[in-house]
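J.: Here it is, the structure, as structure tokens.
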Amino acid sequence: MSFSDRFFRRWRISHVRFTLLGAVIATLLLNLTPTQAQAALPAGFGIVQVAGGVAAPTAMAFTPDGRILVTSQFGQVQAYAADGTALGAILTVPTVNPNLAAFDERGLLGIAVDPQFPAQPFIYVYFTNNNGGLGQNRISRYQVDPNTLQVTGAQQLLLEFPVNTTTNHNGGPLAFGPDGLLYAAIGDKQSWNTAPCTALAQDLNSLLGKVLRINPDGTIPASNPFAGPTLGRDEIYAYGLRNPFALAFQPGTGRLHINDVGGGEGSPCPGVPGTPHEEINLGAPGANYAWPLAEGANQGAVGGATAPILIYPHTGPICDSITGGTFYNPPNPTYPADYVNDYYFADYCSGFIRRFEVGGAVAPQDFITNLGFGLVDMKVGPNGDIYYLSRGDFTGQGVGVFRIGYQPTVTQNPQPVTVQSGQPATFTCTATGSQTLAIQWQRNGQNIPNATGATFTLQPATDADNGAIFRCVVTNPFGTATSGDALLTVTPAPVVPPPVVVPPNPPAPGQPVVAQPATQPAGNPAAFDPAISKTGQLPAGSIGLPGERITWTISVSNIGGQPGTNITVVDNVPNALRIESATADRGTATVSGQSVALTIPTLGAGETVRISIVTSIVVSPPDGIISNTATINGTNKSATGTVNVATVLRLPSTGESPLWRRYLVSAIMIVVVGIVALVMVTLAQALTPRRVRKPISKYPTMRW
């Protein structure tokens, strides 16, 4: 793609091969060509070269994982990893004749990756087929291995154009729309040179000067605006274009922009006024962009034509040629908000990238200037940065893929932290900017070894750390950002008193009964020291009879200076008790048979966790003593830490025999008393003399 007609059209040198004479003239003009090292960018932005080594690059595309495919005009497709590592040539289109491609704008011109990649592992190319040296453009696709990107199948021809020996105005961009269909922008092949004002760009039976739309397999969508037996070529989506060099769809809205390169002489039609312009058109089904009947400012005057949304006149020192274009609406923007929802477009000759906000008044403003010659394509990469592809200047400098990135911005500064001595102190820092972001934590302005994550934890904080200042420094290839300072305040650790030993003597009747807790050693400040105590308590008024409840409270403390992890407390409840429930402040308490287990993921220095176990008495022990044992363990427990603790609960003494004994004695006494009473009554009756009573007559008048 020599662009020779645009390089020299100010001198009206058109369609000239880039011969030695042309090279000499171009070399003389190098003093007018700024280099990429002189590029002027907004504050915070930078440019880095990602890849190079492609001869005469023409277009690029991304796979979803960030790999880059770059086409050479001479027929090769080069692959690069996301970091720019060369993966080699994955395809050489066999029918692209390098000698034929060296003429002006023929060769391998466009590339697209299937939107369903890697499920549909296809790449699509637009190129000039040799066809015996005549030149015939084609759109084809190749199946590739998703992992290596190497071609795994033969060329599948999707669309072939009529033979045309004209070397310029081939267009070439390919893009998939949100409808999943493949769009291609085709130049007019300078057809107006032979038929002014009746050019093929206006002929609906010709594919030239059009935006075409086809299915990924090459078939024609029935929804195309001119599909039908008499309306024109079924593939046509829009028409009236001169030499479109960019197709860009806006993510989320599907808005389509078409960058159309303007002529050096304006419209070739007699009597049409106006100066040459470059233009951006809004894509729409069935739209007519009026070429060659009008160009730029006069386009909307043509009946039924669609006016461009932006034009700019030719003002460059050598030429003007609008090429690359892209919308900036990535899922995760790396640029400041003011740069989001903008359309970016570039000029091949004038060496600028400009932008304007989509949906508002079109007021373009410079984004980057002084890029030099050669920018042919622009895309937003999966990482949220804009990439551009350049053919470089006449000396071969500046060829390759370049990335426009933004310096880091700290979005969340680390906050001041106050902790007790022996506890961990954690700081957090978040940032945005072009990836990959590298984070380095500093203490009092000095780097902390191996502290490179979004969070930093001082484990543990000690009295000596009190007053230390922490911050994060974020870097990427485009700059550095330093967070605000965060102060660490360390307070003394609380003094853990030794557990109180309660003597086993029973309290007065009706008072709570407390078991004997274990005594603990002094804490080891350099280790995790578990300490455990256990108490049992009867409800007021209870004396330990069957059915009455005892609540056991187990306290697990860390009296050391280091956190403990994977801590397990197991309480084996004697068979004289039945477990009713088990709950804990933190962790997970489970009951299995006569055992209660508490799992605590972490226990910080000075922390205490309590577990409550409610039991009911099944059998009162004759001696009134219930023994209960709990054990504790942890993955980093110190050797001196308490492991086992046994507790003894002495039930209160009432001075009375157990009820079953009292009931049995009472029953025996009642039976004995009854028997004695019965015997005495019987003896009394036997010893008392009987008296004979005379019968009384029922007749009162009679006497015995």
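Each chain in the structure tokens gets a letter, A, B and so on, in the order shown; residues start at 1 in every chain, and ligands are counted from 1 in the order they appear.
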Within 6 Å of Ser557 in chain A, counting only C-alpha atoms, which residues show up once you throw out same-chain ones fewer than 6 positions away? Write them as a count of residues only, please.
T.: 4
J.: Pick from A:Leu100, A:Ile625, A:Leu174, A:Ala493: nearest to Ile123 in chain A, with only C-alpha atoms counted?
T.: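 Looking at the shortest contact to Ile123 in chain A, the residue is A:Leu174.
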J.: Would you compute the distance between CA of Leu69 in chain A and CA of Leu149 in chain A? Give it in Å to one decimal.
T.: 9.4 Å
J.: Residues of range 348-372 of chain A that have any atom at most 12 Å from an atom of range 235-250 of chain A: could you tabulate them with the shortest-distance atom pair and the distance in Å to one decimal, using only C-alpha atoms, ordered by chain and increasing number, as JSON lines?
T.:
```
{"residue": "A:Tyr348", "atom": "CA", "partner": "A:Phe245", "partner_atom": "CA", "distance": 10.4}
{"residue": "A:Val358", "atom": "CA", "partner": "A:Gln250", "partner_atom": "CA", "distance": 9.4}
{"residue": "A:Gly359", "atom": "CA", "partner": "A:Gln250", "partner_atom": "CA", "distance": 11.4}
```
J.: So the first atom is CA of Gly44 in chain A and the second is CA of Val474 in chain A; what is the distance between them in Å, to one decimal place?
T.: 13.7 Å
J.: Using only C-alpha atoms, can you tell me which of A:Ile600, A:Ala468, A:Ala582, A:Val399 comes closest to Asn633 in chain A?
T.: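 Answer, going by the shortest atom-to-atom distance: A:Ile600.
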J.: Can you pull out every residue from range 194-353 of chain A that DSSP, working from the backbone, puts in strand (DSSP E), and format the result as an NGL selection string?
T.: :A and (210-214 or 236-239 or 244-249 or 256-260 or 277-282 or 310-313 or 322-328 or 342-347 or 353)
J.: Set the distance at 8 Å and use only C-alpha atoms: which residues neighbour Cys429 in chain A once local chain neighbours fewer than 5 positions away are removed? I'd like the list as a ChimeraX atom specification.
T.: /A:410-414,454-455,472,483
J.: Excluding range 142-144 of chain A and any residue of its chain fewer than 5 positions from it, enumerate the residues within 12 Å of it, using only C-alpha atoms, and give them as a PDB file with all heavy atoms, in the first residue's frame.
T.:
```pdb
ATOM      1  N   THR A  63      -6.967 -11.251  19.076  1.00  0.00           N
ATOM      2  CA  THR A  63      -7.744 -12.365  19.610  1.00  0.00           C
ATOM      3  C   THR A  63      -8.252 -11.950  20.991  1.00  0.00           C
ATOM      4  O   THR A  63      -7.708 -11.027  21.606  1.00  0.00           O
ATOM      5  CB  THR A  63      -6.887 -13.635  19.719  1.00  0.00           C
ATOM      6  OG1 THR A  63      -5.795 -13.375  20.608  1.00  0.00           O
ATOM      7  CG2 THR A  63      -6.346 -14.051  18.364  1.00  0.00           C
ATOM      8  N   VAL A  77       0.683 -13.097   7.365  1.00  0.00           N
ATOM      9  CA  VAL A  77       0.052 -12.726   8.634  1.00  0.00           C
ATOM     10  C   VAL A  77       1.018 -13.115   9.745  1.00  0.00           C
ATOM     11  O   VAL A  77       1.345 -14.293   9.913  1.00  0.00           O
ATOM     12  CB  VAL A  77      -1.300 -13.426   8.844  1.00  0.00           C
ATOM     13  CG1 VAL A  77      -1.897 -13.030  10.190  1.00  0.00           C
ATOM     14  CG2 VAL A  77      -2.267 -13.086   7.724  1.00  0.00           C
ATOM     15  N   ALA A  79       2.003 -13.172  13.839  1.00  0.00           N
ATOM     16  CA  ALA A  79       1.334 -13.229  15.142  1.00  0.00           C
ATOM     17  C   ALA A  79       2.297 -12.785  16.234  1.00  0.00           C
ATOM     18  O   ALA A  79       3.502 -13.068  16.186  1.00  0.00           O
ATOM     19  CB  ALA A  79       0.839 -14.640  15.426  1.00  0.00           C
ATOM     20  N   ILE A  90       1.903 -17.027  10.733  1.00  0.00           N
ATOM     21  CA  ILE A  90       0.921 -18.112  10.826  1.00  0.00           C
ATOM     22  C   ILE A  90       0.291 -18.415   9.474  1.00  0.00           C
ATOM     23  O   ILE A  90      -0.352 -19.440   9.307  1.00  0.00           O
ATOM     24  CB  ILE A  90      -0.184 -17.767  11.842  1.00  0.00           C
ATOM     25  CG1 ILE A  90      -1.004 -16.562  11.369  1.00  0.00           C
ATOM     26  CG2 ILE A  90       0.404 -17.520  13.221  1.00  0.00           C
ATOM     27  CD1 ILE A  90      -2.269 -16.337  12.162  1.00  0.00           C
ATOM     28  N   LEU A  91       0.479 -17.506   8.517  1.00  0.00           N
ATOM     29  CA  LEU A  91      -0.186 -17.695   7.230  1.00  0.00           C
ATOM     30  C   LEU A  91       0.527 -16.869   6.172  1.00  0.00           C
ATOM     31  O   LEU A  91       0.891 -15.718   6.413  1.00  0.00           O
ATOM     32  CB  LEU A  91      -1.663 -17.261   7.325  1.00  0.00           C
ATOM     33  CG  LEU A  91      -2.437 -17.124   6.006  1.00  0.00           C
ATOM     34  CD1 LEU A  91      -2.584 -18.494   5.332  1.00  0.00           C
ATOM     35  CD2 LEU A  91      -3.803 -16.498   6.253  1.00  0.00           C
ATOM     36  N   THR A  92       0.733 -17.454   5.025  1.00  0.00           N
ATOM     37  CA  THR A  92       1.117 -16.735   3.820  1.00  0.00           C
ATOM     38  C   THR A  92       0.055 -17.044   2.782  1.00  0.00           C
ATOM     39  O   THR A  92      -0.073 -18.202   2.348  1.00  0.00           O
ATOM     40  CB  THR A  92       2.509 -17.161   3.319  1.00  0.00           C
ATOM     41  OG1 THR A  92       3.480 -16.839   4.320  1.00  0.00           O
ATOM     42  CG2 THR A  92       2.863 -16.424   2.032  1.00  0.00           C
ATOM     43  N   VAL A  93      -0.728 -16.049   2.418  1.00  0.00           N
ATOM     44  CA  VAL A  93      -1.797 -16.270   1.444  1.00  0.00           C
ATOM     45  C   VAL A  93      -1.138 -16.643   0.124  1.00  0.00           C
ATOM     46  O   VAL A  93      -0.408 -15.826  -0.461  1.00  0.00           O
ATOM     47  CB  VAL A  93      -2.675 -15.022   1.298  1.00  0.00           C
ATOM     48  CG1 VAL A  93      -3.789 -15.280   0.286  1.00  0.00           C
ATOM     49  CG2 VAL A  93      -3.268 -14.630   2.651  1.00  0.00           C
ATOM     50  N   ILE A 111      -7.945  -7.756   7.795  1.00  0.00           N
ATOM     51  CA  ILE A 111      -8.022  -8.975   8.598  1.00  0.00           C
ATOM     52  C   ILE A 111      -9.037  -8.787   9.709  1.00  0.00           C
ATOM     53  O   ILE A 111      -9.220  -7.670  10.226  1.00  0.00           O
ATOM     54  CB  ILE A 111      -6.640  -9.348   9.184  1.00  0.00           C
ATOM     55  CG1 ILE A 111      -6.698 -10.720   9.878  1.00  0.00           C
ATOM     56  CG2 ILE A 111      -6.135  -8.276  10.143  1.00  0.00           C
ATOM     57  CD1 ILE A 111      -5.324 -11.268  10.242  1.00  0.00           C
ATOM     58  N   ALA A 112      -9.716  -9.860  10.089  1.00  0.00           N
ATOM     59  CA  ALA A 112     -10.662  -9.853  11.212  1.00  0.00           C
ATOM     60  C   ALA A 112     -10.630 -11.228  11.872  1.00  0.00           C
ATOM     61  O   ALA A 112     -10.353 -12.235  11.216  1.00  0.00           O
ATOM     62  CB  ALA A 112     -12.077  -9.506  10.751  1.00  0.00           C
ATOM     63  N   VAL A 113     -10.905 -11.257  13.169  1.00  0.00           N
ATOM     64  CA  VAL A 113     -10.985 -12.494  13.942  1.00  0.00           C
ATOM     65  C   VAL A 113     -12.457 -12.763  14.236  1.00  0.00           C
ATOM     66  O   VAL A 113     -13.217 -11.853  14.590  1.00  0.00           O
ATOM     67  CB  VAL A 113     -10.180 -12.383  15.249  1.00  0.00           C
ATOM     68  CG1 VAL A 113     -10.353 -13.635  16.105  1.00  0.00           C
ATOM     69  CG2 VAL A 113      -8.711 -12.145  14.955  1.00  0.00           C
ATOM     70  N   ASP A 114     -12.872 -14.013  14.082  1.00  0.00           N
ATOM     71  CA  ASP A 114     -14.261 -14.382  14.337  1.00  0.00           C
ATOM     72  C   ASP A 114     -14.666 -13.959  15.751  1.00  0.00           C
ATOM     73  O   ASP A 114     -13.922 -14.195  16.714  1.00  0.00           O
ATOM     74  CB  ASP A 114     -14.442 -15.892  14.174  1.00  0.00           C
ATOM     75  CG  ASP A 114     -15.902 -16.287  14.049  1.00  0.00           C
ATOM     76  OD1 ASP A 114     -16.638 -16.176  15.048  1.00  0.00           O
ATOM     77  OD2 ASP A 114     -16.312 -16.700  12.948  1.00  0.00           O
ATOM     78  N   PHE A 117     -14.444 -16.569  18.484  1.00  0.00           N
ATOM     79  CA  PHE A 117     -13.148 -17.197  18.717  1.00  0.00           C
ATOM     80  C   PHE A 117     -12.928 -17.387  20.243  1.00  0.00           C
ATOM     81  O   PHE A 117     -13.273 -16.491  21.012  1.00  0.00           O
ATOM     82  CB  PHE A 117     -12.045 -16.290  18.155  1.00  0.00           C
ATOM     83  CG  PHE A 117     -10.691 -16.924  18.073  1.00  0.00           C
ATOM     84  CD1 PHE A 117     -10.270 -17.548  16.925  1.00  0.00           C
ATOM     85  CD2 PHE A 117      -9.833 -16.887  19.160  1.00  0.00           C
ATOM     86  CE1 PHE A 117      -9.008 -18.121  16.841  1.00  0.00           C
ATOM     87  CE2 PHE A 117      -8.576 -17.467  19.095  1.00  0.00           C
ATOM     88  CZ  PHE A 117      -8.166 -18.088  17.920  1.00  0.00           C
ATOM     89  N   PRO A 118     -12.445 -18.536  20.700  1.00  0.00           N
ATOM     90  CA  PRO A 118     -11.900 -19.662  19.949  1.00  0.00           C
ATOM     91  C   PRO A 118     -12.903 -20.758  19.607  1.00  0.00           C
ATOM     92  O   PRO A 118     -12.524 -21.751  19.010  1.00  0.00           O
ATOM     93  CB  PRO A 118     -10.841 -20.201  20.895  1.00  0.00           C
ATOM     94  CG  PRO A 118     -11.410 -19.951  22.256  1.00  0.00           C
ATOM     95  CD  PRO A 118     -12.153 -18.637  22.147  1.00  0.00           C
ATOM     96  N   ALA A 119     -14.187 -20.605  20.012  1.00  0.00           N
ATOM     97  CA  ALA A 119     -15.172 -21.624  19.665  1.00  0.00           C
ATOM     98  C   ALA A 119     -15.298 -21.746  18.147  1.00  0.00           C
ATOM     99  O   ALA A 119     -15.509 -22.848  17.613  1.00  0.00           O
ATOM    100  CB  ALA A 119     -16.522 -21.276  20.295  1.00  0.00           C
ATOM    101  N   GLN A 120     -15.206 -20.610  17.447  1.00  0.00           N
ATOM    102  CA  GLN A 120     -15.171 -20.593  15.988  1.00  0.00           C
ATOM    103  C   GLN A 120     -13.787 -20.064  15.585  1.00  0.00           C
ATOM    104  O   GLN A 120     -13.597 -18.864  15.426  1.00  0.00           O
ATOM    105  CB  GLN A 120     -16.279 -19.697  15.431  1.00  0.00           C
ATOM    106  CG  GLN A 120     -17.691 -20.159  15.739  1.00  0.00           C
ATOM    107  CD  GLN A 120     -18.045 -21.425  14.968  1.00  0.00           C
ATOM    108  OE1 GLN A 120     -17.510 -21.701  13.905  1.00  0.00           O
ATOM    109  NE2 GLN A 120     -18.949 -22.220  15.526  1.00  0.00           N
ATOM    110  N   PRO A 121     -12.796 -20.942  15.437  1.00  0.00           N
ATOM    111  CA  PRO A 121     -11.409 -20.485  15.267  1.00  0.00           C
ATOM    112  C   PRO A 121     -11.088 -20.093  13.825  1.00  0.00           C
ATOM    113  O   PRO A 121     -10.291 -20.743  13.152  1.00  0.00           O
ATOM    114  CB  PRO A 121     -10.600 -21.706  15.715  1.00  0.00           C
ATOM    115  CG  PRO A 121     -11.453 -22.869  15.317  1.00  0.00           C
ATOM    116  CD  PRO A 121     -12.884 -22.419  15.509  1.00  0.00           C
ATOM    117  N   PHE A 122     -11.689 -18.979  13.373  1.00  0.00           N
ATOM    118  CA  PHE A 122     -11.477 -18.529  12.004  1.00  0.00           C
ATOM    119  C   PHE A 122     -10.868 -17.132  12.004  1.00  0.00           C
ATOM    120  O   PHE A 122     -11.178 -16.292  12.864  1.00  0.00           O
ATOM    121  CB  PHE A 122     -12.800 -18.490  11.232  1.00  0.00           C
ATOM    122  CG  PHE A 122     -13.426 -19.840  11.011  1.00  0.00           C
ATOM    123  CD1 PHE A 122     -14.519 -20.245  11.763  1.00  0.00           C
ATOM    124  CD2 PHE A 122     -12.914 -20.717  10.051  1.00  0.00           C
ATOM    125  CE1 PHE A 122     -15.102 -21.488  11.562  1.00  0.00           C
ATOM    126  CE2 PHE A 122     -13.492 -21.970   9.851  1.00  0.00           C
ATOM    127  CZ  PHE A 122     -14.584 -22.353  10.614  1.00  0.00           C
ATOM    128  N   ILE A 123      -9.997 -16.883  11.014  1.00  0.00           N
ATOM    129  CA  ILE A 123      -9.571 -15.527  10.699  1.00  0.00           C
ATOM    130  C   ILE A 123      -9.993 -15.237   9.264  1.00  0.00           C
ATOM    131  O   ILE A 123     -10.048 -16.140   8.415  1.00  0.00           O
ATOM    132  CB  ILE A 123      -8.050 -15.327  10.880  1.00  0.00           C
ATOM    133  CG1 ILE A 123      -7.262 -16.241   9.953  1.00  0.00           C
ATOM    134  CG2 ILE A 123      -7.643 -15.527  12.320  1.00  0.00           C
ATOM    135  CD1 ILE A 123      -5.770 -15.943   9.942  1.00  0.00           C
ATOM    136  N   TYR A 124     -10.312 -13.965   9.001  1.00  0.00           N
ATOM    137  CA  TYR A 124     -10.853 -13.535   7.709  1.00  0.00           C
ATOM    138  C   TYR A 124      -9.881 -12.526   7.107  1.00  0.00           C
ATOM    139  O   TYR A 124      -9.368 -11.639   7.819  1.00  0.00           O
ATOM    140  CB  TYR A 124     -12.233 -12.911   7.894  1.00  0.00           C
ATOM    141  CG  TYR A 124     -13.243 -13.862   8.519  1.00  0.00           C
ATOM    142  CD1 TYR A 124     -13.206 -14.154   9.891  1.00  0.00           C
ATOM    143  CD2 TYR A 124     -14.214 -14.488   7.758  1.00  0.00           C
ATOM    144  CE1 TYR A 124     -14.102 -15.035  10.463  1.00  0.00           C
ATOM    145  CE2 TYR A 124     -15.130 -15.368   8.324  1.00  0.00           C
ATOM    146  CZ  TYR A 124     -15.059 -15.638   9.675  1.00  0.00           C
ATOM    147  OH  TYR A 124     -15.961 -16.517  10.231  1.00  0.00           O
ATOM    148  N   VAL A 125      -9.618 -12.655   5.812  1.00  0.00           N
ATOM    149  CA  VAL A 125      -8.661 -11.768   5.146  1.00  0.00           C
ATOM    150  C   VAL A 125      -9.269 -11.230   3.859  1.00  0.00           C
ATOM    151  O   VAL A 125     -10.080 -11.885   3.195  1.00  0.00           O
ATOM    152  CB  VAL A 125      -7.333 -12.500   4.844  1.00  0.00           C
ATOM    153  CG1 VAL A 125      -6.568 -12.774   6.123  1.00  0.00           C
ATOM    154  CG2 VAL A 125      -7.568 -13.793   4.072  1.00  0.00           C
ATOM    155  N   TYR A 126      -8.873  -9.997   3.508  1.00  0.00           N
ATOM    156  CA  TYR A 126      -9.243  -9.346   2.252  1.00  0.00           C
ATOM    157  C   TYR A 126      -7.945  -9.069   1.509  1.00  0.00           C
ATOM    158  O   TYR A 126      -7.035  -8.429   2.050  1.00  0.00           O
ATOM    159  CB  TYR A 126     -10.007  -8.052   2.545  1.00  0.00           C
ATOM    160  CG  TYR A 126     -10.292  -7.196   1.331  1.00  0.00           C
ATOM    161  CD1 TYR A 126     -11.050  -7.693   0.274  1.00  0.00           C
ATOM    162  CD2 TYR A 126      -9.831  -5.890   1.251  1.00  0.00           C
ATOM    163  CE1 TYR A 126     -11.338  -6.900  -0.830  1.00  0.00           C
ATOM    164  CE2 TYR A 126     -10.111  -5.086   0.155  1.00  0.00           C
ATOM    165  CZ  TYR A 126     -10.868  -5.599  -0.887  1.00  0.00           C
ATOM    166  OH  TYR A 126     -11.144  -4.822  -1.984  1.00  0.00           O
ATOM    167  N   LEU A 149      -2.385 -20.638  16.756  1.00  0.00           N
ATOM    168  CA  LEU A 149      -2.809 -19.753  15.667  1.00  0.00           C
ATOM    169  C   LEU A 149      -2.327 -20.220  14.306  1.00  0.00           C
ATOM    170  O   LEU A 149      -2.518 -19.509  13.308  1.00  0.00           O
ATOM    171  CB  LEU A 149      -2.349 -18.310  15.919  1.00  0.00           C
ATOM    172  CG  LEU A 149      -2.940 -17.612  17.152  1.00  0.00           C
ATOM    173  CD1 LEU A 149      -2.372 -16.204  17.284  1.00  0.00           C
ATOM    174  CD2 LEU A 149      -4.458 -17.554  17.051  1.00  0.00           C
ATOM    175  N   GLN A 150      -1.737 -21.400  14.234  1.00  0.00           N
ATOM    176  CA  GLN A 150      -1.312 -21.917  12.944  1.00  0.00           C
ATOM    177  C   GLN A 150      -2.526 -22.373  12.132  1.00  0.00           C
ATOM    178  O   GLN A 150      -3.488 -22.921  12.672  1.00  0.00           O
ATOM    179  CB  GLN A 150      -0.341 -23.084  13.126  1.00  0.00           C
ATOM    180  CG  GLN A 150       0.982 -22.680  13.757  1.00  0.00           C
ATOM    181  CD  GLN A 150       1.764 -21.719  12.877  1.00  0.00           C
ATOM    182  OE1 GLN A 150       1.871 -21.912  11.665  1.00  0.00           O
ATOM    183  NE2 GLN A 150       2.302 -20.676  13.492  1.00  0.00           N
ATOM    184  N   VAL A 151      -2.478 -22.128  10.837  1.00  0.00           N
ATOM    185  CA  VAL A 151      -3.585 -22.482   9.947  1.00  0.00           C
ATOM    186  C   VAL A 151      -3.719 -24.002   9.879  1.00  0.00           C
ATOM    187  O   VAL A 151      -2.724 -24.719   9.724  1.00  0.00           O
ATOM    188  CB  VAL A 151      -3.356 -21.893   8.545  1.00  0.00           C
ATOM    189  CG1 VAL A 151      -4.394 -22.410   7.561  1.00  0.00           C
ATOM    190  CG2 VAL A 151      -3.404 -20.376   8.599  1.00  0.00           C
ATOM    191  N   THR A 152      -4.938 -24.477  10.022  1.00  0.00           N
ATOM    192  CA  THR A 152      -5.195 -25.920  10.020  1.00  0.00           C
ATOM    193  C   THR A 152      -6.039 -26.367   8.841  1.00  0.00           C
ATOM    194  O   THR A 152      -6.332 -27.545   8.715  1.00  0.00           O
ATOM    195  CB  THR A 152      -5.897 -26.339  11.319  1.00  0.00           C
ATOM    196  OG1 THR A 152      -7.139 -25.630  11.425  1.00  0.00           O
ATOM    197  CG2 THR A 152      -5.035 -26.042  12.531  1.00  0.00           C
ATOM    198  N   GLY A 153      -6.468 -25.466   7.990  1.00  0.00           N
ATOM    199  CA  GLY A 153      -7.316 -25.847   6.859  1.00  0.00           C
ATOM    200  C   GLY A 153      -7.022 -25.006   5.637  1.00  0.00           C
ATOM    201  O   GLY A 153      -6.281 -24.019   5.681  1.00  0.00           O
ATOM    202  N   ALA A 154      -7.609 -25.391   4.538  1.00  0.00           N
ATOM    203  CA  ALA A 154      -7.412 -24.677   3.279  1.00  0.00           C
ATOM    204  C   ALA A 154      -8.212 -23.380   3.264  1.00  0.00           C
ATOM    205  O   ALA A 154      -9.124 -23.163   4.071  1.00  0.00           O
ATOM    206  CB  ALA A 154      -7.816 -25.566   2.107  1.00  0.00           C
ATOM    207  N   GLN A 155      -7.867 -22.510   2.331  1.00  0.00           N
ATOM    208  CA  GLN A 155      -8.580 -21.249   2.146  1.00  0.00           C
ATOM    209  C   GLN A 155     -10.034 -21.510   1.760  1.00  0.00           C
ATOM    210  O   GLN A 155     -10.317 -22.333   0.901  1.00  0.00           O
ATOM    211  CB  GLN A 155      -7.888 -20.437   1.045  1.00  0.00           C
ATOM    212  CG  GLN A 155      -8.560 -19.122   0.753  1.00  0.00           C
ATOM    213  CD  GLN A 155      -7.926 -18.382  -0.423  1.00  0.00           C
ATOM    214  OE1 GLN A 155      -8.610 -17.680  -1.156  1.00  0.00           O
ATOM    215  NE2 GLN A 155      -6.620 -18.533  -0.627  1.00  0.00           N
ATOM    216  N   GLN A 156     -10.949 -20.820   2.425  1.00  0.00           N
ATOM    217  CA  GLN A 156     -12.377 -20.913   2.094  1.00  0.00           C
ATOM    218  C   GLN A 156     -12.800 -19.588   1.475  1.00  0.00           C
ATOM    219  O   GLN A 156     -12.870 -18.574   2.162  1.00  0.00           O
ATOM    220  CB  GLN A 156     -13.200 -21.200   3.349  1.00  0.00           C
ATOM    221  CG  GLN A 156     -12.801 -22.470   4.083  1.00  0.00           C
ATOM    222  CD  GLN A 156     -13.551 -22.638   5.393  1.00  0.00           C
ATOM    223  OE1 GLN A 156     -14.769 -22.471   5.451  1.00  0.00           O
ATOM    224  NE2 GLN A 156     -12.820 -22.965   6.463  1.00  0.00           N
ATOM    225  N   LEU A 157     -13.063 -19.589   0.185  1.00  0.00           N
ATOM    226  CA  LEU A 157     -13.441 -18.372  -0.521  1.00  0.00           C
ATOM    227  C   LEU A 157     -14.862 -17.974  -0.138  1.00  0.00           C
ATOM    228  O   LEU A 157     -15.802 -18.764  -0.275  1.00  0.00           O
ATOM    229  CB  LEU A 157     -13.340 -18.592  -2.032  1.00  0.00           C
ATOM    230  CG  LEU A 157     -13.769 -17.422  -2.911  1.00  0.00           C
ATOM    231  CD1 LEU A 157     -12.866 -16.216  -2.683  1.00  0.00           C
ATOM    232  CD2 LEU A 157     -13.766 -17.832  -4.389  1.00  0.00           C
ATOM    233  N   LEU A 158     -15.025 -16.732   0.359  1.00  0.00           N
ATOM    234  CA  LEU A 158     -16.349 -16.235   0.742  1.00  0.00           C
ATOM    235  C   LEU A 158     -16.943 -15.305  -0.309  1.00  0.00           C
ATOM    236  O   LEU A 158     -18.153 -15.336  -0.556  1.00  0.00           O
ATOM    237  CB  LEU A 158     -16.257 -15.493   2.080  1.00  0.00           C
ATOM    238  CG  LEU A 158     -15.666 -16.272   3.263  1.00  0.00           C
ATOM    239  CD1 LEU A 158     -15.716 -15.419   4.522  1.00  0.00           C
ATOM    240  CD2 LEU A 158     -16.393 -17.585   3.478  1.00  0.00           C
ATOM    241  N   PRO A 216     -20.756 -15.068   8.207  1.00  0.00           N
ATOM    242  CA  PRO A 216     -19.375 -15.560   8.349  1.00  0.00           C
ATOM    243  C   PRO A 216     -19.017 -16.692   7.397  1.00  0.00           C
ATOM    244  O   PRO A 216     -17.839 -16.902   7.121  1.00  0.00           O
ATOM    245  CB  PRO A 216     -19.320 -16.021   9.809  1.00  0.00           C
ATOM    246  CG  PRO A 216     -20.344 -15.193  10.504  1.00  0.00           C
ATOM    247  CD  PRO A 216     -21.451 -15.032   9.507  1.00  0.00           C
ATOM    248  N   ASP A 217     -20.011 -17.423   6.896  1.00  0.00           N
ATOM    249  CA  ASP A 217     -19.708 -18.510   5.953  1.00  0.00           C
ATOM    250  C   ASP A 217     -19.807 -18.066   4.504  1.00  0.00           C
ATOM    251  O   ASP A 217     -19.687 -18.884   3.588  1.00  0.00           O
ATOM    252  CB  ASP A 217     -20.651 -19.693   6.192  1.00  0.00           C
ATOM    253  CG  ASP A 217     -22.123 -19.335   5.986  1.00  0.00           C
ATOM    254  OD1 ASP A 217     -22.425 -18.157   5.672  1.00  0.00           O
ATOM    255  OD2 ASP A 217     -22.978 -20.223   6.155  1.00  0.00           O
TER     256      ASP A 217
END
```
J.: From the list A:Ile626, A:Leu208, A:Ile543, A:Leu293, which residue is nearest Pro268 in chain A when using only C-alpha atoms?
T.: A:Leu293
